[in-house]
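This is structure.cif (mmCIF, C-alpha atoms).
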```
data_final
loop_
_atom_site.label_atom_id
_atom_site.label_comp_id
_atom_site.auth_asym_id
_atom_site.auth_seq_id
_atom_site.Cartn_x
_atom_site.Cartn_y
_atom_site.Cartn_z
CA MET A 178 5.88 -34.77 0.84
CA ILE A 179 5.52 -31.54 -1.15
CA ASP A 180 7.73 -31.42 -4.23
CA VAL A 181 8.96 -27.85 -4.64
CA ARG A 182 11.66 -28.39 -7.25
CA ILE A 183 11.59 -25.52 -9.75
CA PRO A 184 11.18 -26.80 -13.34
CA ALA A 185 12.57 -25.11 -16.43
CA ASN A 186 9.26 -23.32 -17.12
CA PRO A 187 7.48 -23.08 -13.79
CA SER A 188 3.82 -22.07 -13.57
CA PRO A 189 1.55 -21.61 -10.58
CA VAL A 190 -1.42 -22.96 -12.52
CA GLY A 191 -2.79 -26.44 -12.80
CA GLY A 192 -3.39 -29.66 -10.91
CA GLY A 193 -4.79 -28.22 -7.69
CA PRO A 194 -1.52 -27.01 -6.15
CA GLN A 195 -0.83 -27.53 -2.47
CA SER A 196 -0.22 -24.42 -0.46
CA CYS A 197 1.09 -23.07 2.80
CA TYR A 198 1.47 -19.65 4.37
CA LEU A 199 4.59 -17.60 4.93
CA SER A 200 3.90 -17.84 8.65
CA ASP A 201 4.22 -21.65 8.35
CA LEU A 202 7.80 -21.18 7.15
CA LEU A 203 9.09 -18.36 9.34
CA GLY A 204 10.88 -19.82 12.32
CA ALA A 205 10.62 -23.35 10.96
CA PRO A 206 13.69 -25.53 11.63
CA VAL A 207 15.68 -26.71 8.61
CA HIS A 208 17.18 -30.23 8.61
CA SER A 209 19.61 -32.05 6.37
CA PRO A 210 18.61 -35.38 4.70
CA ASN A 211 20.01 -37.28 7.70
CA GLY A 212 18.11 -35.13 10.20
CA VAL A 213 20.84 -32.72 11.32
CA TRP A 214 19.52 -29.33 12.42
CA LEU A 215 20.98 -26.58 10.23
CA GLY A 216 19.15 -23.44 11.35
CA VAL A 217 15.74 -21.76 11.05
CA VAL A 218 13.95 -19.96 8.22
CA SER A 219 14.04 -16.19 8.84
CA ASP A 220 12.76 -15.04 5.45
CA VAL A 221 11.68 -16.22 2.01
CA LEU A 222 13.09 -14.84 -1.24
CA ALA A 223 10.87 -14.28 -4.29
CA ALA A 224 11.32 -12.87 -7.78
CA PRO A 225 10.01 -9.28 -7.76
CA SER A 226 7.66 -7.57 -10.18
CA VAL A 227 5.74 -10.46 -11.75
CA ASP A 228 2.10 -11.55 -11.51
CA TYR A 229 2.91 -14.60 -9.38
CA PRO A 230 6.47 -14.26 -8.03
CA ALA A 231 8.41 -17.50 -8.05
CA ILE A 232 9.98 -18.50 -4.74
CA LEU A 233 13.74 -18.43 -5.26
CA GLY A 234 14.93 -19.63 -1.90
CA LEU A 235 14.92 -19.43 1.88
CA VAL A 236 17.00 -17.33 4.22
CA LEU A 237 18.55 -19.80 6.67
CA SER A 238 19.68 -18.20 9.92
CA THR A 239 21.86 -19.45 12.73
CA LYS A 240 23.46 -17.63 15.64
CA ALA A 241 26.53 -17.09 13.48
CA ALA A 242 25.15 -15.85 10.15
CA SER A 243 22.39 -15.89 7.53
CA GLN A 244 22.64 -17.53 4.15
CA CYS A 245 20.48 -18.09 1.08
CA VAL A 246 19.37 -21.61 0.29
CA SER A 247 17.93 -22.35 -3.16
CA ILE A 248 14.36 -23.58 -3.17
CA GLY A 249 15.61 -26.45 -5.32
CA LEU A 250 17.28 -27.93 -2.22
CA VAL A 251 13.97 -28.19 -0.36
CA SER A 252 12.36 -31.62 -0.55
CA ALA A 253 9.55 -31.30 1.97
CA ILE A 254 7.73 -28.90 4.23
CA ARG A 255 5.67 -30.61 6.89
CA HIS A 256 4.58 -29.80 10.42
CA ARG A 257 6.54 -26.54 10.35
CA ARG A 258 9.73 -28.40 9.48
CA VAL A 259 11.78 -27.93 6.30
CA GLU A 260 13.78 -30.84 4.93
CA LEU A 261 16.57 -30.57 2.37
CA ASN A 262 17.28 -33.13 -0.34
CA GLY A 263 21.05 -32.87 -0.25
CA PRO A 264 24.07 -31.21 1.36
CA LEU A 265 23.61 -27.57 2.31
CA GLN A 266 24.86 -25.32 -0.48
CA GLY A 267 24.09 -21.85 0.77
CA ARG A 268 25.70 -18.50 0.10
CA PRO A 269 25.98 -15.40 2.31
CA LEU A 270 22.93 -13.15 2.40
CA GLN A 271 23.73 -9.74 0.88
CA ASP A 272 22.16 -6.42 1.97
CA ASP A 273 21.44 -5.68 -1.70
CA GLU A 274 19.99 -9.12 -2.37
CA PRO A 275 18.37 -9.00 -5.87
CA ALA A 276 15.13 -10.55 -4.67
CA LEU A 277 11.97 -9.58 -2.83
CA ARG A 278 12.31 -10.52 0.84
CA LEU A 279 8.75 -11.37 1.80
CA ALA A 280 9.01 -11.11 5.59
CA ARG A 281 11.19 -8.02 5.64
CA TYR A 282 9.60 -5.95 2.88
CA VAL A 283 6.04 -7.20 2.40
CA LEU A 284 4.68 -8.65 5.66
CA ASP A 285 2.85 -6.06 7.81
CA ARG A 286 3.07 -3.45 5.04
CA GLN A 287 0.21 -1.50 3.56
CA ILE A 288 -0.56 -2.62 0.00
CA LEU A 289 -2.79 -0.96 -2.56
CA ASP A 290 -5.43 -3.31 -3.94
CA SER A 291 -5.56 -1.90 -7.45
CA HIS A 292 -8.91 -3.52 -8.21
CA GLY A 293 -10.63 -2.10 -5.15
CA HIS A 294 -8.46 1.04 -4.98
CA ARG A 295 -8.00 0.60 -1.23
CA LEU A 296 -5.21 -0.01 1.21
CA VAL A 297 -4.99 -3.36 2.94
CA ARG A 298 -2.53 -4.70 5.48
CA VAL A 299 -0.50 -7.81 4.69
CA ASN A 300 -1.09 -10.15 7.63
CA ASP A 301 0.25 -13.24 5.84
CA LEU A 302 1.13 -14.50 2.34
CA GLN A 303 -0.08 -17.65 0.62
CA ILE A 304 2.49 -19.76 -1.19
CA ALA A 305 1.38 -22.46 -3.64
CA PHE A 306 3.32 -25.42 -4.99
CA GLY A 307 2.48 -26.21 -8.61
CA ALA A 308 1.70 -29.74 -9.68
CA ALA A 309 4.50 -29.49 -12.23
CA GLY A 310 6.90 -28.13 -9.64
CA GLY A 311 7.84 -24.67 -8.49
CA ALA A 312 6.64 -22.53 -5.61
CA PHE A 313 4.92 -19.18 -6.04
CA VAL A 314 3.42 -16.28 -4.09
CA VAL A 315 -0.24 -16.37 -5.11
CA GLY A 316 -1.94 -14.02 -2.68
CA ILE A 317 -1.97 -12.07 0.55
CA ASP A 318 -4.16 -12.69 3.57
CA VAL A 319 -5.60 -9.40 4.81
CA SER A 320 -7.90 -10.96 7.41
CA THR A 321 -7.76 -11.24 11.18
CA ALA A 322 -7.34 -14.97 10.59
CA GLY A 323 -3.96 -14.30 9.00
CA LEU A 324 -2.84 -12.23 11.98
CA LEU A 325 -4.03 -14.85 14.47
CA ARG A 326 -2.22 -17.54 12.48
CA ARG A 327 1.03 -15.61 12.76
CA LEU A 328 0.54 -15.09 16.47
CA GLY A 329 0.25 -18.85 16.87
CA VAL A 330 -3.25 -18.82 18.34
CA GLY A 331 -5.01 -20.19 15.28
CA SER A 332 -4.71 -23.79 16.43
CA VAL A 333 -5.99 -22.85 19.89
CA LEU A 334 -9.06 -21.23 18.37
CA HIS A 335 -9.65 -24.27 16.17
CA ALA A 336 -9.55 -26.47 19.25
CA VAL A 337 -12.46 -24.57 20.79
CA GLY A 338 -14.42 -24.51 17.54
CA VAL A 339 -13.57 -20.98 16.36
CA ARG A 340 -12.36 -20.90 12.77
CA PRO A 341 -11.66 -17.38 11.46
CA THR A 342 -12.00 -17.21 7.68
CA PRO A 343 -8.99 -16.06 5.65
CA LYS A 344 -9.55 -13.24 3.18
CA LEU A 345 -7.15 -13.62 0.29
CA VAL A 346 -6.33 -10.98 -2.32
CA PRO A 347 -4.62 -12.36 -5.46
CA TRP A 348 -1.07 -11.08 -5.81
CA GLU A 349 -1.71 -10.03 -9.41
CA SER A 350 -4.29 -7.47 -8.26
CA ILE A 351 -2.04 -5.60 -5.84
CA GLN A 352 0.68 -3.01 -6.23
CA PRO A 353 3.40 -3.12 -3.55
CA VAL A 354 4.49 0.26 -2.23
CA ALA A 355 7.11 -0.95 0.24
CA SER A 356 10.80 -1.05 -0.61
CA TRP A 357 13.12 -3.91 -1.33
CA SER A 358 16.76 -4.18 -2.27
CA GLU A 359 16.74 -2.12 -5.47
CA GLY A 360 14.75 0.71 -3.93
CA VAL A 361 11.17 1.72 -3.40
CA GLN A 362 8.77 0.65 -6.13
CA LEU A 363 5.46 2.39 -6.74
CA GLY A 364 3.25 0.76 -9.34
CA VAL A 365 0.13 2.83 -8.75
CA ALA A 366 -1.55 4.45 -11.74
CA ARG A 367 -2.26 8.16 -11.36
CA GLY A 368 -5.91 7.46 -12.08
CA ASP A 369 -6.00 5.07 -9.11
CA LEU A 370 -4.52 7.75 -6.85
CA ALA A 371 -7.10 10.32 -7.92
CA ARG A 372 -9.85 8.01 -6.67
CA MET A 373 -8.23 7.43 -3.28
CA HIS A 374 -8.85 9.36 -0.07
CA PRO A 375 -6.06 11.85 0.77
CA ALA A 376 -5.37 9.98 4.03
CA ASP A 377 -4.67 6.79 2.06
CA ILE A 378 -2.39 8.63 -0.36
CA ALA A 379 -0.60 10.19 2.64
CA LEU A 380 0.02 6.69 3.99
CA LEU A 381 1.61 5.72 0.69
CA VAL A 382 3.76 8.86 0.72
CA SER A 383 4.88 8.05 4.27
CA GLN A 384 6.09 4.61 3.16
CA LEU A 385 8.15 5.97 0.28
CA ASP A 386 11.53 7.59 0.42
CA GLN A 387 11.53 11.39 0.27
CA GLN A 388 12.25 11.67 -3.46
CA ARG A 389 9.59 9.18 -4.51
CA GLY A 390 7.09 10.72 -2.12
CA ALA A 391 7.72 14.08 -3.74
CA ASP A 392 7.36 12.49 -7.20
CA LEU A 393 3.99 11.08 -6.18
CA LEU A 394 2.74 14.46 -4.98
CA ALA A 395 4.04 16.09 -8.15
CA GLY A 396 1.57 14.07 -10.21
CA LEU A 397 -1.49 15.14 -8.21
CA GLU A 398 -3.77 18.09 -8.77
CA ASP A 399 -3.05 21.01 -6.44
CA GLN A 400 -6.09 20.49 -4.21
CA LEU A 401 -5.54 16.74 -3.84
CA ALA A 402 -1.84 17.33 -3.16
CA ALA A 403 -2.76 19.94 -0.52
CA ASP A 404 -5.26 17.60 1.16
CA THR A 405 -2.70 14.78 1.10
CA LEU A 406 0.06 16.97 2.53
CA GLY A 407 -2.29 17.97 5.34
CA GLU A 408 -2.54 14.29 6.35
CA VAL A 409 1.24 13.75 6.52
CA ASP A 410 3.17 14.19 9.77
CA ASP A 411 4.76 17.60 10.36
CA GLU A 412 8.37 16.61 9.83
CA LEU A 413 7.69 14.91 6.51
CA GLN A 414 5.54 17.86 5.41
CA VAL A 415 8.53 20.16 5.72
CA GLU A 416 10.84 17.79 3.83
CA LEU A 417 8.35 17.37 1.00
CA ILE A 418 7.68 21.09 0.63
CA LYS A 419 11.44 21.75 0.60
CA GLY A 420 11.78 19.34 -2.32
CA MET A 421 9.23 21.14 -4.51
CA SER A 422 9.74 24.07 -6.82
CA ALA A 423 8.81 27.35 -5.17
CA ASP A 424 5.81 28.01 -7.46
CA ARG A 425 4.41 24.51 -6.99
CA ALA A 426 4.85 24.71 -3.22
CA ALA A 427 3.08 28.08 -3.10
CA ASP A 428 0.16 26.74 -5.15
CA ILE A 429 -0.27 23.81 -2.75
CA LEU A 430 -0.02 26.05 0.32
CA GLU A 431 -2.82 28.21 -1.10
CA ASP A 432 -5.09 25.16 -1.29
CA MET A 433 -4.34 23.97 2.24
CA ASP A 434 -6.39 25.02 5.25
CA PRO A 435 -4.88 28.35 6.41
CA ASP A 436 -4.04 26.96 9.86
CA GLU A 437 -2.28 23.94 8.32
CA ALA A 438 -0.37 26.16 5.88
CA ALA A 439 0.64 28.43 8.75
CA ASP A 440 1.87 25.49 10.82
CA LEU A 441 3.88 24.15 7.88
CA LEU A 442 5.46 27.51 7.06
CA GLY A 443 6.22 28.07 10.73
CA ASP A 444 8.07 24.75 10.91
CA LEU A 445 9.87 25.51 7.64
CA ALA A 446 10.90 28.96 8.93
CA GLU A 447 12.75 27.31 11.82
CA GLU A 448 15.05 25.58 9.31
CA GLU A 449 14.96 27.85 6.27
CA PRO A 450 13.46 31.26 7.10
CA ASP A 451 14.30 32.73 3.68
CA ARG A 452 12.56 29.84 1.91
CA ALA A 453 9.43 30.24 4.07
CA ALA A 454 9.32 33.98 3.41
CA ASP A 455 9.73 33.42 -0.34
CA LEU A 456 6.85 30.92 -0.44
CA LEU A 457 4.61 33.27 1.51
CA ALA A 458 5.44 36.07 -0.94
CA ARG A 459 4.52 33.85 -3.90
CA MET A 460 1.06 33.02 -2.52
CA GLU A 461 -2.05 34.93 -3.59
CA PRO A 462 -2.32 38.10 -1.44
CA ASP A 463 -5.58 37.13 0.29
CA ASP A 464 -4.32 33.64 1.14
CA ALA A 465 -0.97 34.99 2.29
CA ASP A 466 -2.64 37.59 4.56
CA GLU A 467 -4.66 34.88 6.33
CA VAL A 468 -1.55 32.80 6.88
CA ARG A 469 0.47 35.81 8.14
CA HIS A 470 -2.30 36.54 10.62
CA LEU A 471 -2.13 32.99 11.98
CA LEU A 472 1.68 32.96 12.04
CA ALA A 473 1.56 35.77 14.59
CA PHE A 474 0.26 33.34 17.23
CA GLU A 475 2.12 30.61 19.11
CA ASP A 476 1.27 27.08 17.94
CA ASP A 477 -0.35 26.02 21.22
CA SER A 478 -2.31 29.26 21.75
CA ALA A 479 -5.95 29.71 20.81
CA GLY A 480 -4.87 31.90 17.91
CA GLY A 481 -2.37 29.31 16.74
CA LEU A 482 -5.01 26.60 16.77
CA MET A 483 -7.75 28.58 15.04
CA THR A 484 -8.58 28.78 11.35
CA THR A 485 -9.77 31.75 9.32
CA ASP A 486 -11.94 29.59 7.08
CA TYR A 487 -15.55 29.65 8.27
CA VAL A 488 -19.08 30.34 7.05
CA THR A 489 -21.27 33.20 8.33
CA ILE A 490 -24.97 33.87 7.86
CA PRO A 491 -26.81 37.08 8.82
CA ARG A 492 -29.30 36.92 11.63
CA GLY A 493 -32.93 37.18 10.51
CA VAL A 494 -32.75 35.41 7.14
CA THR A 495 -34.84 32.28 6.65
CA VAL A 496 -33.42 28.77 6.90
CA GLY A 497 -33.85 28.35 3.15
CA GLU A 498 -31.92 31.56 2.47
CA ALA A 499 -29.27 30.53 5.00
CA ILE A 500 -28.70 27.20 3.26
CA GLY A 501 -28.16 29.05 -0.02
CA ILE A 502 -25.63 31.35 1.67
CA VAL A 503 -23.81 28.36 3.17
CA LEU A 504 -23.60 26.67 -0.23
CA GLU A 505 -22.04 29.78 -1.77
CA GLN A 506 -19.39 30.12 0.95
CA ALA A 507 -18.70 26.41 1.40
CA ARG A 508 -16.54 26.17 -1.72
CA GLY A 509 -13.69 27.90 0.10
CA VAL A 510 -14.03 26.05 3.40
CA PRO A 511 -12.51 22.54 3.33
CA SER A 512 -13.79 21.49 6.78
CA LEU A 513 -17.33 22.68 7.43
CA TYR A 514 -19.42 21.66 10.44
CA TYR A 515 -20.92 24.91 11.77
CA ALA A 516 -22.33 28.14 10.38
CA TYR A 517 -21.82 31.25 12.51
CA VAL A 518 -24.72 33.71 12.82
CA VAL A 519 -23.69 37.37 12.88
CA GLU A 520 -25.47 40.67 13.56
CA ASN A 521 -25.42 43.57 11.10
CA ASP A 522 -22.23 44.85 12.73
CA GLU A 523 -20.56 41.45 12.20
CA GLN A 524 -20.72 40.64 15.92
CA LEU A 525 -21.22 36.95 16.68
CA ALA A 526 -24.79 36.08 17.66
CA GLY A 527 -24.49 32.31 17.80
CA ALA A 528 -23.70 29.14 15.90
CA LEU A 529 -25.70 26.44 14.14
CA SER A 530 -24.52 22.98 13.24
CA LEU A 531 -25.17 22.00 9.64
CA HIS A 532 -27.39 19.20 10.94
CA GLU A 533 -29.58 21.70 12.78
CA LEU A 534 -29.77 23.87 9.69
CA ILE A 535 -30.71 21.06 7.31
CA ILE A 536 -33.53 19.60 9.42
CA ALA A 537 -35.14 22.99 10.19
CA GLU A 538 -38.20 24.26 8.34
CA PRO A 539 -37.12 26.34 5.29
CA ALA A 540 -39.40 29.25 6.21
CA ASP A 541 -38.19 29.53 9.82
CA PRO A 542 -36.08 32.64 10.58
CA ILE A 543 -32.56 32.32 11.89
#
```
Show me, as structure tokens, the structure contained in the file I just sent.
Amino acid sequence: MIDVRIPANPSPVGGGPQSCYLSDLLGAPVHSPNGVWLGVVSDVLAAPSVDYPAILGLVLSTKAASQCVSIGLVSAIRHRRVELNGPLQGRPLQDDEPALRLARYVLDRQILDSHGHRLVRVNDLQIAFGAAGGAFVVGIDVSTAGLLRRLGVGSVLHAVGVRPTPKLVPWESIQPVASWSEGVQLGVARGDLARMHPADIALLVSQLDQQRGADLLAGLEDQLAADTLGEVDDELQVELIKGMSADRAADILEDMDPDEAADLLGDLAEEEPDRAADLLARMEPDDADEVRHLLAFEDDSAGGLMTTDYVTIPRGVTVGEAIGIVLEQARGVPSLYYAYVVENDEQLAGALSLHELIIAEPADPI
């Protein structure tokens, strides 16, 4: 029997605590002291925003309703069966429940590991029972083993000798970015964000509500904000740019790839043409001209798909000279894979991949 009574001053430390996983509890039947079936566990409630959140209770569900059951009523958890130590004393589950619902708002979410500055997926959560009492969330399982455990195939794999190893990340070293009852919480330091890849930041933005996503972008440097916005889906791009001040939005559009900026302004123009025109007018003239040129084409045409950012090198220079030319022009080209060789009259003569250019002999002519 696992004693999970919460003491006056609970602590997750000491005495080699027993543990289970959230997946062991979800769907587990709940029985009264005399063995009467009461329902199944559909979620677990925890105290939010602490290093090791204390388990407050279980969400007991039946066909009729869901109710909260204090963890103090639980006397044992064994063989995926929860036993109570007394009469059921539940209360209705509220939509604005002042607790972190682990299955609903944490499981399957992307979490930022603040030590490793990387996103990980929550496949399961580990719950420990302290020797002095109390139950706590102590870590998340980000491994395939956690996913297989939830799918119910872990025992089958064990039977044939395959034992996937869990990979646990301590709860204290993560920052949740998913929402719970009191709204979306983002506990990520700006310095952590600056070290992340724009695609990872975009994933965080996508999981936040619109206002908090805009707040996150507001704290980024223009170029990082532009790169992040370029990784967000089109519809959210428009909503985020609409929520910015006009000057800030124009600065970010200038730092985006011209084709991405043109696509965004084209989508914005369908909803707010005056706003799109105003942003275009606020951009630097050279940047705005490139975007206007691309806006003249349909999205799915060759012109609509092209970009005006590219690197050219004159035919006849040496490879060494060409590499120097590429380095000078590369600062203004975010995505660079090819250099285009042109004649004296700017007519295209051919193209070289950067790989071809780098491995060639420096003295060879282009």
Residues at most 6 Å from Leu277 (chain A), counting only C-alpha atoms, excluding those fewer than 4 positions away in the same chain, as an mmCIF file with C-alpha atoms, in the frame of the given file?
```
data_model
loop_
_atom_site.group_PDB
_atom_site.id
_atom_site.type_symbol
_atom_site.label_atom_id
_atom_site.label_comp_id
_atom_site.auth_asym_id
_atom_site.auth_seq_id
_atom_site.Cartn_x
_atom_site.Cartn_y
_atom_site.Cartn_z
ATOM 1 C CA LEU A 222 13.090 -14.840 -1.240
ATOM 2 C CA ALA A 223 10.870 -14.280 -4.290
ATOM 3 C CA ALA A 224 11.320 -12.870 -7.780
ATOM 4 C CA PRO A 225 10.010 -9.280 -7.760
ATOM 5 C CA TRP A 357 13.120 -3.910 -1.330
#
```
*Point out the residue among A:Val259, A:Leu250, A:Leu270, A:Ile304 with the least atom-to-atom distance to Ala231 (chain A), counting only C-alpha atoms.*
A:Ile304
*Could you expand the PyMOL selection byres ((chain A and resi 417-421) around 12) into the explicit residues it covers here, written as number ranges by chain?*
A: 379, 382-383, 385-396, 402-403, 405-407, 409-416, 422-430, 438, 441-442, 444-446, 448-453, 455-456
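The shortest atom-to-atom distance to Val297 (chain A), with all atoms listed in the file taken into account, belongs to A:Lys344 out of A:Arg258, A:Arg327, A:Lys344, A:Arg278.
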_Report as a list of chain:residue names all protein, DNA and RNA residues lying within 9 Å of Leu202 (chain A), evaluated on all atoms listed in the file, omitting residues in the same chain fewer than 4 positions from it._
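Near Leu202 (chain A), the qualifying residues are A:Cys197, A:Tyr198, A:Pro206, A:Val217, A:Val218, A:Ser219, A:Asp220, A:Val221, A:Ile254, A:Arg257, A:Arg258, A:Val259.
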_Coordinates-based distance that separates CA of Gln195 (chain A) from CA of Gly307 (chain A) (Å, one decimal)_ =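 These atoms are spaced 7.1 Å apart.
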*For region 500-506 of chain A, work out the shell of residues within 10 Å, counting only C-alpha atoms and skipping chain neighbours fewer than 2 positions away, then give it as a list in words.*
Asp486, Tyr487, Val488, Thr489, Ile490, Pro491, Val494, Thr495, Val496, Gly497, Glu498, Arg508, Gly509, Val510, Leu513, Tyr515, Ala516, Tyr517, Leu531, Leu534, Ile535 and Pro539 of chain A
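CA of Gln244 (chain A) to CA of Gly311 (chain A) spans 20.7 Å [interatomic distance, one decimal].
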